[in-house]
>>> print(open('protein-v2.cif').read())   # mmCIF, C-alpha atoms
data_final
loop_
_atom_site.label_atom_id
_atom_site.label_comp_id
_atom_site.auth_asym_id
_atom_site.auth_seq_id
_atom_site.Cartn_x
_atom_site.Cartn_y
_atom_site.Cartn_z
CA ALA U 63 -9.33 -0.91 -18.61
CA TYR U 64 -5.96 -0.30 -20.27
CA ASP U 65 -7.27 2.47 -22.52
CA VAL U 66 -9.15 4.25 -19.72
CA CYS U 67 -6.21 4.16 -17.32
CA LYS U 68 -3.77 5.33 -19.97
CA ALA U 69 -6.08 8.27 -20.76
CA VAL U 70 -6.38 9.12 -17.06
CA ALA U 71 -2.60 8.93 -16.71
CA ARG U 72 -2.01 11.25 -19.68
CA GLN U 73 -4.46 13.80 -18.28
CA LEU U 74 -2.93 13.70 -14.79
CA SER U 75 0.63 13.73 -16.09
CA ALA U 76 -0.18 16.89 -18.03
CA ILE U 77 -0.79 18.77 -14.78
CA GLY U 78 2.27 17.38 -12.99
CA ILE U 79 0.83 14.42 -11.07
CA THR U 80 3.22 11.48 -11.01
CA ASN U 81 1.62 8.85 -8.72
CA ILE U 82 -1.87 7.38 -8.40
CA HIS U 83 -3.21 5.16 -5.60
CA SER U 84 -4.75 2.64 -7.94
CA PRO U 85 -5.51 -0.09 -9.04
CA VAL U 86 -7.56 -1.73 -6.28
CA LEU U 87 -6.57 -5.40 -5.93
CA ASP U 88 -9.09 -6.31 -3.24
CA VAL U 89 -11.16 -9.36 -4.17
CA ASN U 90 -14.64 -8.41 -2.98
CA VAL U 91 -15.83 -11.82 -1.81
CA ASN U 92 -17.97 -10.36 0.99
CA PRO U 93 -21.16 -8.80 -0.44
CA ALA U 94 -21.64 -6.86 2.82
CA ASN U 95 -18.35 -4.98 2.39
CA PRO U 96 -19.19 -1.31 3.11
CA GLU U 97 -15.90 0.16 1.89
CA ILE U 98 -14.44 -1.79 -1.04
CA ASN U 99 -17.64 -2.90 -2.76
CA ILE U 100 -17.73 -1.48 -6.31
CA ARG U 101 -14.16 -0.21 -5.96
CA SER U 102 -13.13 -3.83 -6.65
CA TYR U 103 -12.88 -5.31 -10.12
CA GLY U 104 -14.89 -8.28 -8.91
CA ASP U 105 -15.17 -11.26 -6.60
CA TYR U 106 -12.86 -13.69 -8.45
CA PRO U 107 -9.06 -13.43 -8.03
CA ASP U 108 -8.27 -14.13 -11.68
CA ILE U 109 -10.72 -11.46 -12.91
CA VAL U 110 -9.33 -8.90 -10.45
CA ALA U 111 -5.78 -9.73 -11.55
CA GLU U 112 -6.65 -9.47 -15.25
CA TYR U 113 -8.25 -6.03 -15.01
CA ALA U 114 -5.75 -4.71 -12.48
CA LEU U 115 -2.82 -5.77 -14.67
CA ALA U 116 -4.30 -3.99 -17.68
CA SER U 117 -4.93 -0.91 -15.53
CA MET U 118 -1.39 -0.95 -14.15
CA LYS U 119 0.10 -1.05 -17.64
CA GLY U 120 -2.21 1.74 -18.78
CA PHE U 121 -1.10 3.98 -15.93
CA GLN U 122 2.56 3.20 -16.59
CA ASP U 123 2.33 3.77 -20.34
CA GLY U 124 0.56 7.08 -19.65
CA GLY U 125 3.37 8.28 -17.39
CA LEU U 126 2.07 7.52 -13.87
CA VAL U 127 3.35 5.35 -11.05
CA PRO U 128 0.53 2.94 -10.09
CA THR U 129 0.16 1.99 -6.42
CA ALA U 130 -1.82 -1.23 -5.94
CA LYS U 131 -3.93 -1.52 -2.79
CA HIS U 132 -4.88 -2.59 -0.09
CA PHE U 133 -2.26 -5.22 0.83
CA PRO U 134 -2.68 -8.01 1.79
CA GLY U 135 -6.37 -7.59 0.95
CA ARG U 136 -9.53 -6.02 2.30
CA GLY U 137 -12.25 -7.58 0.17
CA ASP U 138 -13.49 -10.10 2.73
CA SER U 139 -14.72 -7.75 5.44
CA ASP U 140 -18.00 -6.24 6.63
CA VAL U 141 -16.49 -3.25 8.47
CA ASP U 142 -14.94 0.02 7.28
CA ALA U 143 -11.28 0.65 8.18
CA HIS U 144 -12.01 4.37 8.43
CA TYR U 145 -13.75 3.56 11.72
CA GLU U 146 -12.54 0.17 13.03
CA VAL U 147 -10.12 -2.64 12.23
CA PRO U 148 -11.36 -5.16 9.64
CA VAL U 149 -10.28 -8.78 10.12
CA VAL U 150 -9.67 -10.95 7.06
CA GLU U 151 -10.17 -14.53 8.24
CA GLY U 152 -9.03 -17.77 6.58
CA ASP U 153 -5.96 -19.98 6.61
CA TRP U 154 -2.77 -19.55 4.60
CA ASP U 155 -4.01 -21.53 1.59
CA ARG U 156 -7.05 -19.30 1.34
CA LEU U 157 -4.90 -16.14 1.61
CA GLU U 158 -2.63 -17.38 -1.17
CA ALA U 159 -5.49 -18.39 -3.45
CA VAL U 160 -7.60 -15.26 -3.06
CA GLU U 161 -6.02 -12.16 -1.54
CA LEU U 162 -2.41 -12.62 -2.66
CA TYR U 163 -3.06 -13.94 -6.16
CA PRO U 164 -3.50 -10.50 -7.85
CA TYR U 165 -0.41 -9.14 -6.09
CA ARG U 166 1.76 -11.98 -7.32
CA ARG U 167 0.57 -11.35 -10.90
CA LEU U 168 1.28 -7.61 -10.80
CA ILE U 169 4.62 -7.95 -8.99
CA GLU U 170 5.76 -10.41 -11.67
CA ASN U 171 4.88 -7.80 -14.29
CA GLY U 172 6.74 -4.81 -12.83
CA LEU U 173 4.48 -3.23 -10.22
CA ASP U 174 6.09 -0.05 -8.88
CA SER U 175 4.33 0.57 -5.57
CA ILE U 176 1.95 -1.04 -3.05
CA MET U 177 -0.29 0.45 -0.34
CA LEU U 178 -0.94 -1.35 2.94
CA ALA U 179 -4.38 -2.08 4.41
CA HIS U 180 -5.33 -1.13 7.98
CA THR U 181 -6.46 -4.74 8.40
CA ALA U 182 -5.69 -7.65 10.71
CA VAL U 183 -4.83 -10.87 8.85
CA PRO U 184 -4.28 -13.74 11.33
CA ALA U 185 -2.95 -16.12 8.66
CA ALA U 186 -0.06 -13.72 8.03
CA ASP U 187 0.36 -12.31 11.57
CA PRO U 188 -1.17 -14.43 14.36
CA THR U 189 -0.71 -11.56 16.84
CA MET U 190 -3.57 -9.76 15.02
CA GLU U 191 -1.46 -6.63 14.57
CA ILE U 192 -2.76 -4.17 11.97
CA SER U 193 -1.04 -4.86 8.63
CA THR U 194 0.29 -1.30 8.26
CA VAL U 195 2.46 -1.66 11.37
CA SER U 196 3.09 -5.42 11.19
CA LYS U 197 6.69 -6.39 10.38
CA PRO U 198 5.66 -10.01 9.61
CA ILE U 199 3.30 -8.65 6.93
CA VAL U 200 5.23 -5.67 5.51
CA THR U 201 8.73 -7.15 5.61
CA GLY U 202 8.15 -10.88 6.09
CA LEU U 203 5.31 -11.40 3.63
CA LEU U 204 5.54 -8.57 1.10
CA ARG U 205 9.29 -8.06 0.90
CA GLU U 206 10.69 -11.50 1.66
CA ARG U 207 8.01 -14.00 0.67
CA LEU U 208 6.59 -12.18 -2.38
CA GLY U 209 9.91 -10.60 -3.33
CA PHE U 210 8.53 -7.09 -3.82
CA GLU U 211 11.32 -4.55 -4.33
CA GLY U 212 9.27 -1.44 -5.06
CA VAL U 213 7.98 1.34 -2.80
CA ILE U 214 5.59 0.50 0.05
CA THR U 215 3.26 3.19 1.40
CA THR U 216 0.64 3.28 4.12
CA ASP U 217 -3.00 4.11 3.58
CA SER U 218 -4.12 7.38 5.18
CA ILE U 219 -2.47 7.28 8.60
CA THR U 220 -5.36 9.17 10.25
CA MET U 221 -7.98 6.49 9.58
CA GLY U 222 -9.81 5.29 12.68
CA ALA U 223 -8.45 1.74 12.56
CA LEU U 224 -4.95 3.02 13.40
CA MET U 225 -5.76 6.26 15.22
CA GLU U 226 -7.72 4.55 17.96
CA LYS U 227 -4.84 2.18 18.76
CA TYR U 228 -1.70 4.27 18.27
CA GLY U 229 -2.42 7.89 17.41
CA VAL U 230 -0.81 9.57 14.43
CA GLY U 231 2.77 9.97 15.62
CA LYS U 232 3.31 6.42 16.81
CA ALA U 233 1.43 4.97 13.82
CA CYS U 234 3.78 6.77 11.40
CA ALA U 235 6.89 5.58 13.23
CA LYS U 236 5.70 2.01 13.66
CA ALA U 237 4.76 1.79 9.97
CA ILE U 238 8.29 2.78 8.95
CA GLU U 239 9.70 0.40 11.55
CA ALA U 240 7.62 -2.42 10.03
CA GLY U 241 9.17 -1.77 6.62
CA CYS U 242 7.05 0.90 4.90
CA ASP U 243 8.92 3.50 2.84
CA LEU U 244 6.27 6.22 2.96
CA ALA U 245 3.64 7.27 5.51
CA LEU U 246 0.55 8.86 3.97
CA ASN U 247 -0.05 11.68 6.45
CA LYS U 248 -2.43 13.82 4.41
CA THR U 249 -3.14 16.49 7.00
CA GLU U 250 -1.69 20.01 7.08
CA ASP U 251 -1.78 20.49 10.85
CA GLU U 252 -0.06 19.33 14.04
CA PHE U 253 -0.46 15.67 12.97
CA ARG U 254 2.38 16.13 10.52
CA ASP U 255 4.69 17.38 13.26
CA GLN U 256 3.68 14.43 15.45
CA GLY U 257 4.60 11.98 12.71
CA PHE U 258 8.00 13.60 12.13
CA CYS U 259 8.91 13.92 15.80
CA GLU U 260 7.96 10.35 16.70
CA LEU U 261 9.83 8.94 13.70
CA LYS U 262 12.87 10.99 14.70
CA ARG U 263 12.65 9.58 18.23
CA PHE U 264 12.49 6.00 16.89
CA VAL U 265 15.70 6.66 14.93
CA GLU U 266 17.49 8.34 17.84
CA ASP U 267 16.52 5.47 20.15
CA GLY U 268 17.88 2.91 17.67
CA ILE U 269 14.48 1.32 17.00
CA ILE U 270 14.80 2.23 13.31
CA LYS U 271 18.29 1.88 11.84
CA GLU U 272 19.86 4.41 9.49
CA GLU U 273 20.46 1.63 6.95
CA GLN U 274 16.73 1.00 6.74
CA LEU U 275 15.99 4.67 6.06
CA ASN U 276 18.71 4.78 3.40
CA ALA U 277 17.18 1.75 1.68
CA SER U 278 13.77 3.43 1.66
CA VAL U 279 15.18 6.65 0.22
CA LYS U 280 16.95 4.65 -2.50
CA ARG U 281 13.70 2.89 -3.48
CA ILE U 282 11.82 6.20 -3.64
CA LEU U 283 14.53 7.86 -5.72
CA ARG U 284 14.67 4.85 -8.06
CA MET U 285 10.90 5.09 -8.57
CA LYS U 286 11.22 8.78 -9.45
CA TYR U 287 14.15 8.09 -11.77
CA ASN U 288 12.23 5.35 -13.60
CA ILE U 289 9.44 7.74 -14.60
CA GLY U 290 11.91 10.41 -15.74
CA MET U 291 11.61 12.93 -12.91
CA PHE U 292 15.36 13.49 -12.85
CA ASP U 293 15.18 14.52 -16.49
CA THR U 294 12.18 16.83 -16.13
CA ASN U 295 12.68 18.00 -12.53
CA GLY U 296 8.98 17.31 -12.08
CA ILE U 297 8.08 20.08 -14.53
CA VAL U 298 5.66 19.25 -17.35
#
>>> encode(input="protein-v2.cif", output="structure tokens")
Amino acid sequence: AYDVCKAVARQLSAIGITNIHSPVLDVNVNPANPEINIRSYGDYPDIVAEYALASMKGFQDGGLVPTAKHFPGRGDSDVDAHYEVPVVEGDWDRLEAVELYPYRRLIENGLDSIMLAHTAVPAADPTMEISTVSKPIVTGLLRERLGFEGVITTDSITMGALMEKYGVGKACAKAIEAGCDLALNKTEDEFRDQGFCELKRFVEDGIIKEEQLNASVKRILRMKYNIGMFDTNGIV
């Protein structure tokens, strides 16, 4: 896993790519999972952590920023977040033992970035809010409880799980409000304007504080600095 990911990182770095949305840390304990399935390293937390850690180090040594996903876990689900909201059941002890175990291992070893899951996790947020826009999950669990200081990004903001509830603009703004640093708005159309305008409104209305935005910018700049982008200006 280390050798493969380092080779991938060297190839992608050579054409100017600096970040990869991998490794997948989902523990695929549900054999009916239609989305994670073989994207997972397995159905045991320790195996997933072992391979993901090797992959993370391979990406880093090859010059890429790895982004582990999908926090806090989407392996125990039989629905696809592209179309509806998966629910990861279980109490807190189960969440700690299974879903969170790989994240703790990688965070302890210098993980740079984490991607949120469009998933409801009642053990972490009893209101059943989608993780991407849940402050108890993004800030309370990931930042405060797990002590993660790197960059947090959303999954694709246009996936059905979020779109159906909030639409693109509000989803982008609420994700940043919850504590995300980046919103993955992959479209090149009016959706991008919607995301910007709604985020701007949240700031103007005082829902999102300037200090929070400054902290996010600092984390993003630090991540770029750590992989040498200030030295190369992003040019290979």
>>> residues_around(input="protein-v2.cif", residues="Arg207 in chain U", least_positions_apart="2", cutoff="12 Å", atoms="all atoms listed in the file", output="PyMOL selection string")
chain U and resi 158+162+165-166+169+186+198-205+209-211
>>> residues_around(input="protein-v2.cif", residues="range 224-232 of chain U", least_positions_apart="3", cutoff="12 Å", atoms="all atoms listed in the file", output="count of residues only")
47
>>> residues_around(input="protein-v2.cif", residues="Val91 in chain U", least_positions_apart="6", cutoff="10 Å", atoms="all atoms listed in the file", output="list in words")
Asn99, Ser102, Gly104, Asp105, Tyr106, Pro107, Arg136, Gly137, Asp138, Ser139, Val160 and Glu161 of chain U
>>> closest_residue(input="protein-v2.cif", among="U:Phe292, U:Tyr163, U:Tyr64, U:Tyr113", to="Gly135 in chain U", atoms="only C-alpha atoms")
U:Tyr163
>>> residues_around(input="protein-v2.cif", residues="Lys119 in chain U", least_positions_apart="6", cutoff="9 Å", atoms="only C-alpha atoms", output="PyMOL selection string")
chain U and resi 64+67-68+128+171+173
>>> atom_distance(input="protein-v2.cif", atom1="CA of Ile98 in chain U", atom2="CA of Ile282 in chain U")
27.6 Å
>>> resolve_selection(input="protein-v2.cif", expression="the PyMOL selection byres ((chain U and resi 285-290) around 10)", output="short mmCIF file (atom, residue, chain, number, x, y, z; two decimals) with C-alpha atoms, keeping the file's coordinate frame")
data_model
loop_
_atom_site.label_atom_id
_atom_site.label_comp_id
_atom_site.auth_asym_id
_atom_site.auth_seq_id
_atom_site.Cartn_x
_atom_site.Cartn_y
_atom_site.Cartn_z
CA THR U 80 3.22 11.48 -11.01
CA ASN U 81 1.62 8.85 -8.72
CA GLN U 122 2.56 3.20 -16.59
CA ASP U 123 2.33 3.77 -20.34
CA GLY U 125 3.37 8.28 -17.39
CA LEU U 126 2.07 7.52 -13.87
CA VAL U 127 3.35 5.35 -11.05
CA ASP U 174 6.09 -0.05 -8.88
CA SER U 175 4.33 0.57 -5.57
CA GLY U 212 9.27 -1.44 -5.06
CA VAL U 213 7.98 1.34 -2.80
CA VAL U 279 15.18 6.65 0.22
CA LYS U 280 16.95 4.65 -2.50
CA ARG U 281 13.70 2.89 -3.48
CA ILE U 282 11.82 6.20 -3.64
CA LEU U 283 14.53 7.86 -5.72
CA ARG U 284 14.67 4.85 -8.06
CA MET U 291 11.61 12.93 -12.91
CA PHE U 292 15.36 13.49 -12.85
CA ASP U 293 15.18 14.52 -16.49
CA THR U 294 12.18 16.83 -16.13
CA ASN U 295 12.68 18.00 -12.53
CA GLY U 296 8.98 17.31 -12.08
#
>>> atom_distance(input="protein-v2.cif", atom1="CA of Leu178 in chain U", atom2="CA of Lys131 in chain U")
6.5 Å
>>> atom_distance(input="protein-v2.cif", atom1="CA of Ile176 in chain U", atom2="CA of Pro85 in chain U")
9.6 Å
>>> resolve_selection(input="protein-v2.cif", expression="the PyMOL selection byres ((chain U and resi 96) around 7)", output="PyMOL selection string")
chain U and resi 94-95+97-99+140-142
>>> axis_aligned_box(input="protein-v2.cif", around="range 151-164 of chain U", padding_each_side="5 Å", output="AutoDock Vina command-line options")
--center_x -6.3 --center_y -16.0 --center_z 0.2 --size_x 17.8 --size_y 21.0 --size_z 26.1
>>> closest_residue(input="protein-v2.cif", among="U:Gly78, U:Gly120, U:Pro93, U:Pro164", to="Val66 in chain U", atoms="only C-alpha atoms")
U:Gly120
>>> residues_around(input="protein-v2.cif", residues="Arg101 in chain U", least_positions_apart="5", cutoff="10 Å", atoms="only C-alpha atoms", output="count of residues only")
7
